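Asks: This is model-v1.txt (compact mmCIF, C-alpha atoms and all ligand atoms).
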# COMPACT_ATOMS: atom_id res chain seq x y z
CA MET F 13 -19.85 18.23 -13.18
CA ALA F 14 -18.60 14.64 -13.11
CA THR F 15 -18.32 12.83 -16.39
CA LEU F 16 -21.39 10.70 -17.09
CA SER F 17 -20.83 7.03 -17.76
CA GLU F 18 -22.56 5.64 -20.85
CA SER F 19 -25.27 3.94 -18.80
CA ASP F 20 -25.86 7.12 -16.73
CA ALA F 21 -26.22 9.12 -19.93
CA LEU F 22 -28.84 6.72 -21.20
CA ASP F 23 -30.78 7.19 -17.98
CA VAL F 24 -31.02 10.94 -18.50
CA LEU F 25 -34.34 10.86 -20.26
CA LEU F 26 -36.29 13.98 -21.10
CA PRO F 27 -38.34 12.85 -24.09
CA VAL F 28 -39.44 15.50 -26.54
CA GLN F 29 -41.69 15.34 -29.55
CA VAL F 30 -40.73 17.08 -32.80
CA GLY F 31 -43.75 16.53 -35.01
CA ARG F 32 -43.98 12.75 -35.44
CA VAL F 33 -40.38 12.28 -34.29
CA ARG F 34 -39.86 11.31 -30.67
CA LEU F 35 -36.43 12.13 -29.31
CA ARG F 36 -35.00 10.46 -26.22
CA ASN F 37 -34.10 13.93 -24.98
CA LEU F 38 -33.88 17.45 -26.41
CA THR F 39 -30.38 17.09 -27.90
CA LEU F 40 -29.49 16.00 -31.42
CA LEU F 41 -26.04 15.68 -32.89
CA ALA F 42 -25.96 18.29 -35.70
CA SER F 43 -25.21 17.32 -39.29
CA GLY F 44 -21.62 17.11 -40.45
CA ILE F 45 -19.94 16.83 -37.09
CA LEU F 46 -18.96 13.17 -37.08
CA ASP F 47 -18.11 12.73 -40.77
CA GLU F 48 -19.90 9.85 -42.41
CA LEU F 49 -19.02 7.02 -40.12
CA GLY F 50 -22.00 5.16 -38.74
CA GLY F 51 -19.96 3.89 -35.81
CA SER F 52 -19.36 7.35 -34.36
CA LEU F 53 -23.04 8.24 -34.70
CA VAL F 54 -23.88 5.17 -32.62
CA ARG F 55 -21.30 6.27 -30.06
CA ALA F 56 -23.04 9.66 -29.79
CA VAL F 57 -26.33 7.85 -29.14
CA ARG F 58 -24.73 5.60 -26.53
CA ALA F 59 -23.27 8.70 -24.88
CA GLY F 60 -26.69 10.32 -24.51
CA ALA F 61 -27.65 12.14 -27.72
CA GLY F 62 -31.43 12.21 -28.07
CA GLY F 63 -31.04 11.68 -31.80
CA VAL F 64 -28.44 12.12 -34.54
CA VAL F 65 -28.39 13.88 -37.89
CA THR F 66 -26.09 12.37 -40.52
CA LYS F 67 -23.54 14.19 -42.62
CA SER F 68 -25.20 15.84 -45.63
CA ILE F 69 -25.27 13.27 -48.43
CA GLY F 70 -25.55 14.04 -52.15
CA THR F 71 -26.12 12.06 -55.31
CA HIS F 72 -22.47 11.46 -56.16
CA PRO F 73 -19.29 11.12 -54.07
CA ARG F 74 -17.52 14.45 -53.45
CA SER F 75 -14.12 15.12 -51.95
CA GLY F 76 -14.99 18.64 -50.81
CA HIS F 77 -13.10 21.94 -50.87
CA PRO F 78 -9.29 22.20 -50.69
CA SER F 79 -7.74 22.40 -47.23
CA PRO F 80 -7.47 24.11 -44.87
CA SER F 81 -11.18 23.44 -44.57
CA PHE F 82 -11.68 23.71 -40.80
CA PHE F 83 -10.12 25.66 -37.96
CA GLU F 84 -11.14 26.90 -34.54
CA VAL F 85 -11.52 30.59 -33.75
CA GLU F 86 -11.83 32.20 -30.33
CA SER F 87 -15.59 32.06 -30.25
CA GLY F 88 -16.33 29.03 -32.42
CA ALA F 89 -15.09 27.44 -35.61
CA MET F 90 -14.85 28.20 -39.31
CA ASN F 91 -15.35 25.58 -41.98
CA ALA F 92 -15.56 25.22 -45.70
CA MET F 93 -15.65 21.44 -45.91
CA GLY F 94 -17.44 21.64 -49.25
CA LEU F 95 -19.94 18.80 -48.77
CA PRO F 96 -17.48 15.90 -48.73
CA ASN F 97 -19.49 12.67 -48.77
CA PRO F 98 -19.44 9.17 -50.27
CA GLY F 99 -22.63 9.58 -52.32
CA ILE F 100 -26.08 8.20 -51.50
CA GLU F 101 -25.51 4.68 -52.92
CA ALA F 102 -22.46 4.02 -50.76
CA TYR F 103 -24.08 5.63 -47.74
CA GLY F 104 -26.55 2.75 -47.42
CA GLU F 105 -23.89 0.72 -45.63
CA ASP F 106 -23.32 3.44 -43.03
CA MET F 107 -27.04 3.71 -42.41
CA GLU F 108 -27.22 -0.05 -41.94
CA ALA F 109 -24.52 0.23 -39.30
CA VAL F 110 -26.25 2.97 -37.33
CA VAL F 111 -30.04 2.81 -37.71
CA PRO F 112 -30.89 -0.48 -35.92
CA GLU F 113 -28.73 0.25 -32.89
CA ALA F 114 -29.68 3.92 -32.57
CA ASN F 115 -33.37 3.03 -32.85
CA ALA F 116 -33.01 0.20 -30.33
CA LEU F 117 -31.68 2.80 -27.89
CA GLY F 118 -34.67 5.04 -28.58
CA ALA F 119 -32.83 7.56 -30.75
CA PRO F 120 -33.95 8.47 -34.28
CA VAL F 121 -31.50 8.89 -37.15
CA VAL F 122 -32.27 11.93 -39.29
CA GLY F 123 -30.76 11.66 -42.76
CA SER F 124 -29.39 14.96 -44.08
CA VAL F 125 -29.34 15.46 -47.85
CA PHE F 126 -28.20 18.19 -50.23
CA ALA F 127 -28.84 18.62 -53.95
CA GLY F 128 -28.89 21.14 -56.77
CA THR F 129 -32.39 20.34 -58.10
CA GLY F 130 -35.78 19.29 -56.79
CA ASP F 131 -35.65 15.92 -58.58
CA GLU F 132 -32.33 15.13 -56.97
CA PHE F 133 -33.64 16.15 -53.54
CA VAL F 134 -36.62 13.83 -54.03
CA ALA F 135 -34.46 10.86 -55.03
CA LEU F 136 -32.14 11.39 -52.06
CA THR F 137 -35.05 11.75 -49.67
CA GLN F 138 -36.59 8.51 -50.93
CA LYS F 139 -33.25 6.73 -50.48
CA MET F 140 -32.97 7.95 -46.89
CA GLU F 141 -36.47 6.61 -46.23
CA GLU F 142 -35.45 3.28 -47.79
CA TYR F 143 -32.35 3.22 -45.54
CA GLY F 144 -34.55 3.49 -42.46
CA ALA F 145 -34.08 7.17 -41.54
CA THR F 146 -36.76 8.32 -39.11
CA ALA F 147 -36.85 11.71 -40.85
CA VAL F 148 -34.94 13.57 -43.53
CA GLU F 149 -33.38 17.00 -43.10
CA LEU F 150 -33.08 18.98 -46.35
CA ASN F 151 -29.88 21.01 -46.32
CA LEU F 152 -31.11 24.22 -47.92
CA SER F 153 -28.43 26.28 -46.28
CA CYS F 154 -24.77 25.29 -46.78
CA PRO F 155 -23.18 28.75 -47.08
CA HIS F 156 -20.32 28.03 -49.46
CA ALA F 157 -21.07 25.45 -52.16
CA LYS F 158 -22.03 26.87 -55.52
CA GLY F 159 -25.39 25.66 -56.78
CA TYR F 160 -26.31 24.08 -53.44
CA GLY F 161 -27.49 25.10 -50.00
CA THR F 162 -28.01 28.83 -49.66
CA ASP F 163 -28.02 29.29 -53.45
CA ILE F 164 -31.33 27.39 -53.36
CA GLY F 165 -32.56 27.87 -49.81
CA ALA F 166 -32.40 31.67 -49.67
CA ASP F 167 -35.28 32.03 -52.14
CA PRO F 168 -38.68 30.96 -50.80
CA LYS F 169 -40.02 30.56 -54.35
CA VAL F 170 -37.30 28.04 -55.16
CA MET F 171 -37.07 26.15 -51.88
CA GLY F 172 -40.82 25.93 -51.15
CA PRO F 173 -41.60 23.67 -54.14
CA ILE F 174 -38.53 21.52 -53.36
CA VAL F 175 -39.78 20.92 -49.82
CA GLN F 176 -43.27 20.19 -51.19
CA ALA F 177 -41.94 17.65 -53.72
CA CYS F 178 -40.00 15.81 -51.01
CA VAL F 179 -42.96 15.83 -48.61
CA ASP F 180 -45.15 14.35 -51.36
CA ALA F 181 -42.59 11.65 -52.21
CA VAL F 182 -42.12 9.99 -48.80
CA ASP F 183 -44.03 8.99 -45.69
CA ILE F 184 -41.32 10.02 -43.22
CA PRO F 185 -41.21 13.58 -41.85
CA VAL F 186 -39.27 16.14 -43.89
CA TRP F 187 -37.33 18.81 -41.99
CA ALA F 188 -35.84 21.93 -43.62
CA LYS F 189 -32.55 23.40 -42.38
CA LEU F 190 -32.56 27.11 -43.09
CA THR F 191 -29.86 29.68 -43.66
CA PRO F 192 -29.20 32.72 -41.49
CA ASN F 193 -27.49 34.40 -44.48
CA VAL F 194 -30.58 36.36 -45.54
CA THR F 195 -32.02 39.70 -44.47
CA ASP F 196 -35.15 38.04 -43.12
CA ILE F 197 -35.40 34.31 -42.48
CA THR F 198 -39.18 34.29 -42.01
CA PRO F 199 -40.31 34.10 -45.68
CA CYS F 200 -38.22 30.91 -46.06
CA ALA F 201 -39.62 29.50 -42.83
CA ILE F 202 -43.19 30.20 -43.91
CA ALA F 203 -42.59 28.74 -47.39
CA ALA F 204 -41.13 25.53 -45.91
CA ALA F 205 -43.90 25.20 -43.31
CA ARG F 206 -46.64 25.76 -45.90
CA ALA F 207 -44.98 23.17 -48.13
CA GLY F 208 -45.37 20.60 -45.37
CA ALA F 209 -42.02 20.64 -43.57
CA GLU F 210 -42.62 18.94 -40.23
CA ALA F 211 -39.82 20.83 -38.52
CA LEU F 212 -37.48 23.72 -39.24
CA THR F 213 -33.85 23.58 -38.17
CA LEU F 214 -32.58 27.08 -37.38
CA VAL F 215 -29.77 27.82 -38.37
CA ASN F 216 -26.87 26.68 -40.55
CA THR F 217 -23.51 28.47 -40.29
CA VAL F 218 -22.98 32.20 -40.90
CA LYS F 219 -20.99 33.21 -43.99
CA ALA F 220 -17.56 34.44 -42.90
CA ILE F 221 -13.94 35.01 -43.91
CA ALA F 222 -10.74 34.90 -41.84
CA ILE F 223 -7.41 36.28 -43.05
CA ASP F 224 -3.91 35.33 -41.91
CA PRO F 225 -1.96 38.62 -41.60
CA ASP F 226 1.39 36.85 -42.01
CA LEU F 227 0.36 35.15 -45.22
CA ARG F 228 -1.84 38.11 -46.21
CA ARG F 229 -4.30 35.61 -47.58
CA PRO F 230 -7.65 34.13 -46.56
CA ILE F 231 -7.11 31.10 -44.32
CA LEU F 232 -9.72 28.73 -45.73
CA GLY F 233 -8.87 26.95 -48.96
CA ASN F 234 -12.26 28.07 -50.27
CA THR F 235 -11.77 31.67 -48.96
CA ILE F 236 -15.38 31.85 -47.74
CA GLY F 237 -16.66 29.56 -45.05
CA GLY F 238 -19.28 29.17 -42.36
CA LEU F 239 -18.88 30.40 -38.78
CA SER F 240 -20.34 28.16 -36.07
CA GLY F 241 -20.22 27.94 -32.29
CA ALA F 242 -20.76 30.42 -29.47
CA ALA F 243 -20.34 33.46 -31.74
CA ILE F 244 -23.53 32.66 -33.64
CA LYS F 245 -25.81 31.65 -30.77
CA PRO F 246 -27.58 35.04 -30.56
CA ILE F 247 -28.15 34.89 -34.33
CA GLY F 248 -29.74 31.45 -34.03
CA VAL F 249 -31.85 32.44 -31.04
CA ARG F 250 -33.07 35.50 -32.92
CA ALA F 251 -34.00 33.27 -35.86
CA ALA F 252 -36.05 31.01 -33.57
CA TRP F 253 -37.68 34.10 -32.06
CA ASP F 254 -38.58 35.64 -35.43
CA VAL F 255 -39.81 32.37 -36.93
CA TRP F 256 -41.96 31.66 -33.86
CA ASN F 257 -43.69 35.03 -34.32
CA ALA F 258 -44.02 34.66 -38.09
CA LEU F 259 -45.54 31.16 -37.94
CA GLU F 260 -47.99 32.17 -35.22
CA LYS F 261 -49.10 35.09 -37.40
CA GLU F 262 -49.71 32.64 -40.26
CA GLY F 263 -51.84 30.41 -38.02
CA ILE F 264 -49.16 27.69 -38.07
CA HIS F 265 -48.51 26.62 -34.50
CA PRO F 266 -44.72 26.51 -33.96
CA VAL F 267 -44.98 23.57 -31.56
CA LYS F 268 -47.97 21.54 -32.76
CA ASN F 269 -47.83 22.17 -36.54
CA CYS F 270 -44.21 22.97 -37.38
CA PRO F 271 -41.79 22.72 -34.46
CA LEU F 272 -38.44 24.48 -34.48
CA VAL F 273 -35.08 22.83 -33.82
CA GLY F 274 -32.48 25.30 -32.55
CA SER F 275 -28.95 25.05 -33.91
CA GLY F 276 -25.97 27.37 -33.54
CA GLY F 277 -23.73 27.74 -30.50
CA VAL F 278 -25.48 25.37 -28.10
CA GLU F 279 -22.75 24.48 -25.60
CA SER F 280 -24.60 24.24 -22.29
CA ALA F 281 -28.02 23.70 -20.75
CA ARG F 282 -28.49 27.46 -20.50
CA ASP F 283 -27.76 27.87 -24.22
CA ALA F 284 -30.32 25.16 -24.97
CA LEU F 285 -32.84 26.90 -22.74
CA GLU F 286 -32.39 30.17 -24.64
CA TYR F 287 -33.50 28.37 -27.79
CA ILE F 288 -36.34 26.57 -25.97
CA LEU F 289 -37.65 29.81 -24.47
CA ALA F 290 -37.41 31.53 -27.88
CA GLY F 291 -39.53 28.75 -29.40
CA ALA F 292 -37.44 25.67 -30.22
CA SER F 293 -38.70 22.21 -29.19
CA ALA F 294 -35.23 20.63 -29.41
CA VAL F 295 -31.63 21.65 -30.12
CA GLN F 296 -28.76 20.43 -32.25
CA VAL F 297 -25.22 20.36 -30.94
CA GLY F 298 -22.31 20.71 -33.35
CA THR F 299 -19.22 22.76 -32.58
CA ALA F 300 -19.58 22.15 -28.82
CA PHE F 301 -19.26 18.44 -29.48
CA LEU F 302 -15.86 19.05 -31.01
CA ARG F 303 -14.72 20.79 -27.82
CA GLN F 304 -16.56 18.86 -25.11
CA GLY F 305 -16.78 15.41 -26.66
CA TYR F 306 -19.47 12.82 -26.18
CA ASP F 307 -20.42 13.99 -22.66
CA VAL F 308 -21.99 17.17 -23.99
CA PHE F 309 -25.41 15.58 -24.64
CA GLY F 310 -25.84 14.18 -21.13
CA ARG F 311 -24.53 17.38 -19.59
CA ILE F 312 -27.05 19.55 -21.46
CA THR F 313 -29.95 17.18 -20.77
CA GLU F 314 -29.17 16.93 -17.06
CA GLY F 315 -28.86 20.71 -16.79
CA VAL F 316 -32.17 21.31 -18.53
CA ARG F 317 -33.88 18.73 -16.36
CA ALA F 318 -32.46 20.34 -13.20
CA TRP F 319 -33.72 23.73 -14.41
CA LEU F 320 -37.15 22.28 -15.19
CA ASP F 321 -37.36 20.83 -11.67
CA GLU F 322 -37.29 24.42 -10.37
CA GLN F 323 -40.09 25.64 -12.66
CA PRO F 324 -43.86 25.45 -12.15
CA GLU F 325 -44.23 23.44 -15.39
CA ASP F 326 -43.32 19.76 -15.24
CA ASP F 327 -43.09 19.28 -19.01
CA LEU F 328 -40.50 20.89 -21.28
CA ARG F 329 -43.13 21.28 -24.00
CA ALA F 330 -45.07 23.65 -21.76
CA VAL F 331 -42.03 25.92 -21.53
CA VAL F 332 -41.32 26.20 -25.27
CA GLY F 333 -41.64 29.79 -26.52
CA THR F 334 -42.61 31.19 -23.13
CA ALA F 335 -40.11 34.09 -23.35
CA HIS F 336 -42.66 35.61 -25.75
CA LEU F 337 -45.38 35.82 -23.08
O1 LIG F 401 -19.85 20.66 -45.95
C1 LIG F 401 -19.80 21.84 -45.60
O2 LIG F 401 -18.88 22.61 -45.93
C2 LIG F 401 -20.88 22.46 -44.82
C3 LIG F 401 -22.21 22.16 -44.94
BR1 LIG F 401 -22.82 20.79 -46.02
C4 LIG F 401 -23.18 22.90 -44.22
O3 LIG F 401 -24.41 22.71 -44.32
N1 LIG F 401 -22.74 23.90 -43.44
C5 LIG F 401 -21.43 24.18 -43.28
O4 LIG F 401 -21.07 25.10 -42.53
N2 LIG F 401 -20.50 23.45 -43.99
Let me see whether you can do it: turn the structure in this file into structure tokens.
Ligand code: RRO
Replies:
Amino acid sequence: MATLSESDALDVLLPVQVGRVRLRNLTLLASGILDELGGSLVRAVRAGAGGVVTKSIGTHPRSGHPSPSFFEVESGAMNAMGLPNPGIEAYGEDMEAVVPEANALGAPVVGSVFAGTGDEFVALTQKMEEYGATAVELNLSCPHAKGYGTDIGADPKVMGPIVQACVDAVDIPVWAKLTPNVTDITPCAIAAARAGAEALTLVNTVKAIAIDPDLRRPILGNTIGGLSGAAIKPIGVRAAWDVWNALEKEGIHPVKNCPLVGSGGVESARDALEYILAGASAVQVGTAFLRQGYDVFGRITEGVRAWLDEQPEDDLRAVVGTAHL
């Protein structure tokens, strides 16, 4: 397919609703892909992203894990970045650089935050609201940072009250990004939805190790990292499938009450459609961006729209979760 110009990409509209958040189209840039620079987030919006999620931001600046902290594998990528970020105070400037322009182009900015305690999560969430984020995504799922992410997010009894406290503290929607590194993701999904999460992002990276046979040592500086990309797409789709069923059983409608946002290995329109048909209302694109560049958002949106043109439904929302029928 020909490369889309920036103005063409902006024309590819397929608006979707994720709770109170309206996206220009079904694609969001996933957290952590374009470091912390506001300018590159704006570029993703100009290139056709329906919305963008910021790097995960914490209370204090962090330099992250020792390198190597990222490398590509045959079927995706491995990372152990270790939550590098400038800290929430300094991040205000980046938000100032991105929010007005992204919003003027019809794209929301979702502020991602991570913390080790509920109080910290609340303070970070409030700051993101102050900075003009349309929604906040709680990172309850980084697979390799002690005291953060999965250490908190794998236990529904711990993460549920954190989500609740953040929901109570702000007016903007609170999303929860969940970990696939559990036997069953559904208790966490139910806990977050009951606590008032307005959307669930499924899933963060899968815990993994790679070893260099010549060095006879793990490759990542942190030894353990997170696997992303094509290799984990079936894991993410299964998570969306299971969570759809679990929420329905609880009487929580997985489109109207607590929509799902698919994440993990979305590289093409067909990948996005797998998530949509399993129950996701929108998708996040991460590793594919690193390979395909800024065109990936327009390419996926155009492909999904072309597919939809061939279906009896004329609205993407009507298609969500229909593989379950
Ligand atoms: O920074 C990271 O190492 C990182 C994060 Br915050 C995350 O949520 N998931 C991931 O694979 N890496």
Asks: So, with all atoms listed in the file as the atoms that count, which of F:Leu53, F:Ile231, F:Ala42, F:Val64 lies closest to F:Leu214?
Replies: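 Looking only at the distances to F:Leu214, the closest residue turns out to be F:Ala42.
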Asks: Can you tell me which residues come within 7 Å of ligand LIG 401 (chain F) when counting all atoms listed in the file, ideally as a count of residues only?
Replies: 19
Asks: What does the distance from atom CA of F:Asn97 to atom CA of F:Ser293 come to in Å, to one decimal?
Replies: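 Interatomic distance, atom CA of F:Asn97 to atom CA of F:Ser293: 29.0 Å.
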Asks: Excluding F:Ala181 and any residue of its chain fewer than 5 positions from it, enumerate the residues within 10 Å of it, using all atoms listed in the file, and give them as a PyMOL selection string.
Replies: chain F and resi 134-135+137-138+141+175-176
Asks: Determine the nearest neighbour of F:Ala119 from the options F:Leu259, F:Leu25, F:Ala207, F:Ile100, counting only C-alpha atoms.
Replies: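 Distance minimum relative to F:Ala119 lands on F:Leu25.
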Asks: So how far away is atom CA of F:Gly70 from atom CA of F:Pro230, in Å?
Replies: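 Distance reported for this atom pair: 27.5 Å.
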Asks: Using Å and a single decimal, report how far atom CA of F:Gly159 sits from atom CA of F:Leu136.
Replies: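 Rounded to one decimal, the two atoms are 16.5 Å apart.
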Asks: Which polymer residues have any atom within 8 Å of an atom of F:Gly333, counting only C-alpha atoms, with same-chain residues fewer than 5 positions away left out, as a ChimeraX atom specification?
Replies: /F:256,288-292
Asks: Within 9 Å of F:Gly298, counting all atoms listed in the file, which residues qualify if same-chain residues fewer than 5 places away don't, as a list in words?
Replies: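 Once the adjacent positions are removed, what remains is Leu40, Leu41, Ala42, Ser43, Gly44, Ile45, Ser240, Gly241, Ser275, Gly276, Gly277, Val278 and Glu279 of chain F.
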Asks: From the options F:Ser75, F:Val54, F:Ala284, F:Pro80, which residue's atoms come nearest to F:Ala109, counting all atoms listed in the file?
Replies: F:Val54
Asks: Find, counting all atoms listed in the file, the residue in F:Ala145, F:Arg329, F:Glu286, F:Pro185 that gets nearest to F:Pro27.
Replies: F:Arg329
Asks: Tell me which of F:Arg36, F:Arg228, F:Lys219, F:His72 sits closest to F:Thr162, counting all atoms listed in the file.
Replies: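 Residue with the minimum atom-to-atom distance to F:Thr162: F:Lys219.
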Asks: Mind listing whatever residues come within 12 Å of the point (-22.5, 7.7, -28.4)? Use only C-alpha atoms, file coordinates, and give them as a PyMOL selection string.
Replies: chain F and resi 16-19+21-22+40-41+46+50-64+110+113-114+117+119+301+305-310
Asks: Extract, using only C-alpha atoms, all DNA, RNA and protein residues at most 10 Å from F:Ile197, discarding same-chain residues fewer than 5 positions from it, and format them as a count of residues only.
Replies: 15
Asks: Hey, which of F:Val122, F:Ala242, F:Ala127, F:Ile69 ends up closest to F:Trp187? Count all atoms listed in the file.
Replies: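 Answer, going by the shortest atom-to-atom distance: F:Val122.
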Asks: So which residues touch F:Ser280 within 10 Å, counting all atoms listed in the file, skipping near sequence neighbours fewer than 4 positions away, as an MDAnalysis selection string?
Replies: chainID F and resid 284:285 297 300 308:309 311:313 315:316
Asks: Using the structure block above, produce a file of stretch 137-189 of chain F that contains C-alpha atoms, as a compact mmCIF listing (two decimals), in the first residue's frame.
Replies:
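Final output, saved to out-v6.txt:
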# COMPACT_ATOMS: atom_id res chain seq x y z
CA THR F 137 -3.29 10.67 38.47
CA GLN F 138 -4.29 14.09 39.78
CA LYS F 139 -1.21 15.64 38.16
CA MET F 140 -2.06 14.07 34.81
CA GLU F 141 -5.56 15.53 35.09
CA GLU F 142 -4.05 18.93 35.91
CA TYR F 143 -1.77 18.62 32.85
CA GLY F 144 -4.80 18.17 30.61
CA ALA F 145 -4.72 14.41 29.98
CA THR F 146 -8.04 13.18 28.60
CA ALA F 147 -7.67 9.98 30.64
CA VAL F 148 -5.08 8.28 32.80
CA GLU F 149 -3.80 4.74 32.29
CA LEU F 150 -2.57 3.07 35.49
CA ASN F 151 0.42 0.88 34.72
CA LEU F 152 -0.34 -2.10 36.94
CA SER F 153 1.68 -4.45 34.81
CA CYS F 154 5.33 -3.61 34.08
CA PRO F 155 6.86 -7.11 34.25
CA HIS F 156 10.33 -6.32 35.58
CA ALA F 157 10.49 -3.46 38.09
CA LYS F 158 10.56 -4.51 41.71
CA GLY F 159 7.77 -3.00 43.78
CA TYR F 160 5.91 -1.70 40.73
CA GLY F 161 3.73 -2.97 37.92
CA THR F 162 3.05 -6.69 38.15
CA ASP F 163 4.17 -6.79 41.80
CA ILE F 164 1.04 -4.73 42.50
CA GLY F 165 -1.22 -5.47 39.56
CA ALA F 166 -1.20 -9.27 39.77
CA ASP F 167 -3.20 -9.25 43.02
CA PRO F 168 -6.82 -8.13 42.65
CA LYS F 169 -7.02 -7.33 46.38
CA VAL F 170 -4.12 -4.89 46.06
CA MET F 171 -4.86 -3.33 42.69
CA GLY F 172 -8.64 -2.99 43.09
CA PRO F 173 -8.43 -0.41 45.92
CA ILE F 174 -5.70 1.49 44.04
CA VAL F 175 -7.95 1.82 41.00
CA GLN F 176 -10.84 2.85 43.26
CA ALA F 177 -8.75 5.55 44.99
CA CYS F 178 -7.68 7.02 41.64
CA VAL F 179 -11.23 6.93 40.26
CA ASP F 180 -12.45 8.78 43.37
CA ALA F 181 -9.70 11.41 43.12
CA VAL F 182 -10.24 12.71 39.57
CA ASP F 183 -12.98 13.52 37.08
CA ILE F 184 -11.17 12.11 34.04
CA PRO F 185 -11.56 8.44 33.09
CA VAL F 186 -9.15 5.98 34.71
CA TRP F 187 -7.94 3.05 32.61
CA ALA F 188 -6.09 0.02 34.04
CA LYS F 189 -3.37 -1.73 32.04
